[in-house]
Amino acid sequence: MTGPVIRGRAGRAPIPTRYLKRRHLYGAHTPYSILDTPFSSVPPALPPTNKSLPHPHPYPYSAMPLYGTALLAVCHLLGILLGELLGRALGVQANVGGVGIAMLLLIAARFYGHQRGWLEAKSEEGVNYWAALYIPVVIAMAMQQNVLKALSGGPMALAAAITTVAACAACVSFINRREVVAPAETSAK
Amino acid sequence: MESLLQKLAVDNGLVLSFAVVGLVVLCSGYISRKLTVGRVQGSAIAILIGLALAYVGGRMTGGNKGLADVTYFGGLALMGGNMLRDFAIVATAFEVQPAEARRAGWVGALALFIGTLLPFVIGVSFAYAFGYRDAVSLTTIGAGTVTYIVGPVTGSAIGASSEVITLSIAVGVFKAILAMVTTPLLAKFMRLGTPRSAMVFGGLAGTVSGVSAGLAATDRKLVPYGALVATFHTGVGCLVVPSLFFFAVRALFPAHA
């Protein structure tokens, strides 16, 4: 799979032969640095129809981002389904960690996609767009909280909620103060 | 004219909500830069504005979905609803470093356990202090303190009165809102800064909405780690509260059970 050793590339990963074979597609003047970039950012191997186009890809638009979003959707649905089944198996009327399972599935898909080379940079855009939409979605979520009901719970709801948040914050602080020592030691080495 | 605008807003609900949220983000970014000189994050201010608008919306309509109950802003229910929220949370998993997540795995699980037990105990003791003595009501209010979904699920499973269930939802919603507002303020105190610390926070603070909004307002990079743990919170709560915790409470307060 690995190609010939090229001068000036000491200590760097060898270029896979498949990129050297495609080199004519990008033109002989193409610097090796392009071929050296991770496979996910190498342009697709379609012959350019018009040499004057700034982009090596013949079509300005591609379906790639859609694949990413579809991958995200499949992981989401599978995760929710598994969470729902886990809930049933445990006899609970709730989804047990469906979103968490979906996240793990997506992490795994990304890992294997990179390893096997079927996940391209363009496809990742389709996921990253939704990740970027995260904060606006959370703001929309804040806009539809039942603030009125929370305030109408009276002094008991207020007192219990404040105490809980304070106690949890103290607990987080306690655990994190103990935690942070270890990574600081390893980074100092 | 009125009906034309209304038809436009209703037919294009989701699109309109993108524009509305964009406007709120724009305003909050301006406030963050000019009024607080960048000291308070723009997204924290945007969430505060969102909560204030939710209050106004609830006041105007008397509904339970904040601003989304106003006819013009119905699209917000879709944009901020569970479907798109979970979709966006799953998408953030792309930024997770698997090694980091695996290293903090057991701390996250420990935090998840404490984060279920501690709020429950506090909720039960406050319910006791405010005069509830039967095991069913005590457990339901304690469950609401875990998250506002565990409250009604537990309440209906063990047969609590609707008044108590409403109270348990109120406690849970209040906790979520409080987590959204106070997380950026307490971030330094809680040492939020590493993926590991975010996972501990996600387990302890519970409620996906509280954690996701709180971390979004603190540091966007920490969101996936916190959310990864927090999404198990409701499930674990629904698993242990109506069974294990209910039996424990019933053993402690047997007279009225």
# chains A, B, ... in the order shown; residues from 1 in each chain; ligands from 1
>>> residues_around(residues="Leu16 in chain B", least_positions_apart="3", cutoff="12 Å", atoms="only C-alpha atoms", output="list in words")
Ala140 of chain A; Leu5, Gln6, Lys7, Leu8, Ala9, Val10, Asp11, Asn12, Gly13, Ala19, Val20, Val21, Gly22, Leu23, Ala68, Thr71, Tyr72, Phe73, Gly74, Gly75, Leu76, Ala77, Leu78 and Met79 of chain B
>>> write_last_selection(atoms="C-alpha atoms", output="PDB file, in the first residue's frame")
ATOM      1  CA  ALA A 140     -34.641  28.320  21.288  1.00  0.00           C
TER       2      ALA A 140
ATOM      3  CA  LEU B   5     -48.374  38.214   8.510  1.00  0.00           C
ATOM      4  CA  GLN B   6     -49.852  35.587  10.774  1.00  0.00           C
ATOM      5  CA  LYS B   7     -50.188  33.121   7.905  1.00  0.00           C
ATOM      6  CA  LEU B   8     -46.578  33.828   6.897  1.00  0.00           C
ATOM      7  CA  ALA B   9     -45.354  33.263  10.464  1.00  0.00           C
ATOM      8  CA  VAL B  10     -47.357  30.088  11.002  1.00  0.00           C
ATOM      9  CA  ASP B  11     -46.556  28.509   7.628  1.00  0.00           C
ATOM     10  CA  ASN B  12     -42.846  29.243   7.994  1.00  0.00           C
ATOM     11  CA  GLY B  13     -42.534  28.644  11.713  1.00  0.00           C
ATOM     12  CA  ALA B  19     -34.386  34.486  12.236  1.00  0.00           C
ATOM     13  CA  VAL B  20     -35.653  35.250  15.760  1.00  0.00           C
ATOM     14  CA  VAL B  21     -32.860  33.293  17.428  1.00  0.00           C
ATOM     15  CA  GLY B  22     -30.330  34.921  15.109  1.00  0.00           C
ATOM     16  CA  LEU B  23     -31.599  38.337  16.188  1.00  0.00           C
ATOM     17  CA  ALA B  68     -43.583  29.011  21.686  1.00  0.00           C
ATOM     18  CA  THR B  71     -49.073  32.061  17.639  1.00  0.00           C
ATOM     19  CA  TYR B  72     -46.316  33.918  15.803  1.00  0.00           C
ATOM     20  CA  PHE B  73     -43.475  32.002  17.433  1.00  0.00           C
ATOM     21  CA  GLY B  74     -44.870  28.462  17.300  1.00  0.00           C
ATOM     22  CA  GLY B  75     -41.848  27.383  15.227  1.00  0.00           C
ATOM     23  CA  LEU B  76     -39.653  27.722  18.307  1.00  0.00           C
ATOM     24  CA  ALA B  77     -41.306  24.590  19.663  1.00  0.00           C
ATOM     25  CA  LEU B  78     -39.779  22.663  16.751  1.00  0.00           C
ATOM     26  CA  MET B  79     -36.383  24.365  16.769  1.00  0.00           C
TER      27      MET B  79
END
>>> closest_atom_pairs(of="chain A", to="chain B", cutoff="7 Å", atoms="only C-alpha atoms", output="tab-separated table")
residue	atom	partner	partner_atom	distance
A:Leu72	CA	B:Ala91	CA	6.6
A:His76	CA	B:Phe87	CA	6.6
A:Val92	CA	B:Leu239	CA	5.7
A:Ala94	CA	B:Gly235	CA	6.0
A:Asn95	CA	B:Gly235	CA	5.7
A:Val96	CA	B:Gly235	CA	4.0
A:Gly97	CA	B:Phe232	CA	4.1
A:Val99	CA	B:Thr231	CA	6.0
A:Gly100	CA	B:Leu228	CA	5.0
A:Ala102	CA	B:Val90	CA	6.4
A:Met103	CA	B:Val90	CA	5.0
A:Leu106	CA	B:Ala93	CA	6.7
A:Ile107	CA	B:Phe94	CA	6.1
A:Val127	CA	B:Ala91	CA	5.7
A:Asn128	CA	B:Ala91	CA	6.8
A:Trp130	CA	B:Ala88	CA	5.4
A:Ala131	CA	B:Thr92	CA	4.7
A:Leu133	CA	B:Ala88	CA	6.7
A:Tyr134	CA	B:Ala88	CA	5.1
A:Ile135	CA	B:Ala216	CA	6.4
A:Pro136	CA	B:Val21	CA	6.3
A:Val137	CA	B:Gly80	CA	5.2
A:Val138	CA	B:Ala213	CA	6.0
A:Ile139	CA	B:Ile47	CA	5.3
A:Ala140	CA	B:Gly80	CA	4.5
A:Met141	CA	B:Gly80	CA	3.9
A:Ala142	CA	B:Gly50	CA	5.1
A:Met143	CA	B:Gly50	CA	4.3
A:Gln144	CA	B:Gly66	CA	4.2
A:Gln145	CA	B:Gly66	CA	5.5
A:Asn146	CA	B:Asn64	CA	5.2
A:Val147	CA	B:Tyr55	CA	5.4
A:Leu148	CA	B:Tyr55	CA	5.9
A:Lys149	CA	B:Ala170	CA	5.9
A:Ala150	CA	B:Ala170	CA	4.6
A:Gly153	CA	B:Ala170	CA	5.3
A:Met156	CA	B:Phe126	CA	7.0
A:Ala157	CA	B:Val171	CA	4.5
A:Leu158	CA	B:Val171	CA	6.9
A:Ala160	CA	B:Gly123	CA	5.8
A:Ala161	CA	B:Lys175	CA	4.8
A:Thr164	CA	B:Pro119	CA	5.5
A:Val165	CA	B:Lys175	CA	6.7
A:Cys168	CA	B:Leu204	CA	5.9
A:Ala169	CA	B:Met190	CA	6.3
A:Val172	CA	B:Met190	CA	5.8
A:Ser173	CA	B:Met190	CA	4.0
A:Asn176	CA	B:Ser197	CA	5.7
A:Arg177	CA	B:Arg191	CA	6.9
>>> residues_around(residues="Val136 in chain B", least_positions_apart="6", cutoff="8 Å", atoms="only C-alpha atoms", output="PyMOL selection string")
chain B and resi 155+158-160+246+250+257
>>> atom_distance(atom1="CA of Ala143 in chain B", atom2="CA of Ala251 in chain B")
16.8 Å
>>> atom_distance(atom1="CA of Leu14 in chain B", atom2="CA of Ile101 in chain A")
27.6 Å
>>> select_by_dssp(residues="range 156-248 of chain B", states="alpha helix (DSSP H)", output="count of residues only")
69
>>> atom_distance(atom1="CA of Pro184 in chain B", atom2="CA of Asp219 in chain B")
8.6 Å
